[in-house]
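Peer 1: Once you've had a glance at the structure underneath, I'll fire off some questions.
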Amino acid sequence: MKLISTMEYKLITEDRYDDVIRHLRDNFFADEPLNKAAGLCQRGFGNRDLEHHSLETLEDNLSFMAVADNNQIAGVILNGILRPGDILTSQKKLELNDDVKFKKIFQLLYTLNLKEDIFQRFNVDKAFDLRILSVDGQYRGQGIAKHLVRHSEDLAKEYGYKIMKADATGIFSQKILKSHGFEVLLEQYYDKYVDEFGQPVLSVESIHIKLQLLYKLLD
């Protein structure tokens, strides 16, 4: 059943971190196309590495939540700061990770990101990185994701960022971001990302056909 509620959009503060993680366990962790393809998470359960990644992002203090009038988190957007060398450092750390499913997902993300140096291309020293966009299934269809992206852009401009980027793994996030003026920098079709035997590394649901690295230059 879809819940209709008045939403308040707030920066995520430390006292709501646990609530955000619970929201992600119940929604994003199970629904995100690559997580689903890898069989990484069951709904309602967490993943050590995904939760660590989420909490590290929250600590950058750039993330927003949509809060319903019953104080329930209806949606979140987790934004972080991306600097030169961060992706390469993360890729090296990934080599030591013992979660094969997690490694499959993030190796794909890092491989695409390392094909282009956005800092050199756009002459910037940091990027506002949209990492997770999630809306509770009960509240979808009310424009919450679009509002979360808009609030994030306003904050990025306020803090003087010149570029926003996102790794959009599914068709819905891609449509939302493009409707906000994001453009495609790089993309990887899932059926072309194969192992040494020519088999897709991740068999993603057919509605989602590619990973896109999207960006938006800010005034």
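Chains: A, B, ... in order of the structure tokens. Residues: from 1 per chain. Ligands: from 1, in order shown.
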May I have the residues within 8 Å of stretch 167-171 of chain A as an NGL selection string, using only C-alpha atoms and disregarding those fewer than 3 positions away in the same chain?

Peer 2: :A and (32-34 or 109 or 130-131 or 174-175 or 207-214)

Peer 1: Going by DSSP on the backbone, which residues of stretch 38-93 of chain A come out as alpha helix (DSSP H)? List them as a PyMOL selection string.

Peer 2: chain A and resi 38+48-58+86-93

Peer 1: If DSSP is run on the backbone, what residues of stretch 131-181 of chain A are strand (DSSP E)? A reply as number ranges by chain would be ideal.

Peer 2: A: 131-135, 163-168

Peer 1: Dump C-alpha atoms for the selected residues as a compact mmCIF listing (two decimals), in the first residue's frame?

Peer 2:
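Writing done, so here's result-v4.txt:
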# COMPACT_ATOMS: atom_id res chain seq x y z
CA ARG A 131 26.47 7.33 -4.22
CA ILE A 132 23.14 5.94 -3.05
CA LEU A 133 19.60 7.03 -3.93
CA SER A 134 16.86 5.04 -2.23
CA VAL A 135 13.13 5.45 -1.66
CA ILE A 163 30.87 19.12 -10.62
CA MET A 164 28.50 16.40 -9.43
CA LYS A 165 28.89 12.78 -10.50
CA ALA A 166 27.03 9.53 -10.00
CA ASP A 167 27.41 5.87 -10.89
CA ALA A 168 23.86 5.06 -11.99

Peer 1: What is the atom CA of A:Glu14 to atom CA of A:Phe29 distance in Å?

Peer 2: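 For atom CA of A:Glu14 relative to atom CA of A:Phe29, the distance reads 20.3 Å.
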
Peer 1: Fewer than 4 positions away in the same chain doesn't count, so skip those; otherwise give me all residues within 10 Å of A:Asp191, counting only C-alpha atoms, as a PyMOL selection string.

Peer 2: chain A and resi 198-204+206+209-210

Peer 1: Please list as a list in words every residue within 12 Å of A:Lys216, counting only C-alpha atoms and excluding residues in the same chain fewer than 5 positions away.

Peer 2: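 My reading of the contact set: Ile118, Phe122, Ala127, Phe128, Asp129, Leu130, Val149, Glu153, Ala156, Lys157, Tyr161, Lys162, Ile163, Met164, Lys165, Ala166, Leu177, Lys178, Ser179, His180, Gly181, Phe182, Glu183, Val184 and Leu185 of chain A.
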
Peer 1: Please, what distance in Å, to one decimal, runs between atom CA of A:Tyr110 and atom CA of A:Leu88?

Peer 2: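 Distance between the two atoms: 7.7 Å.
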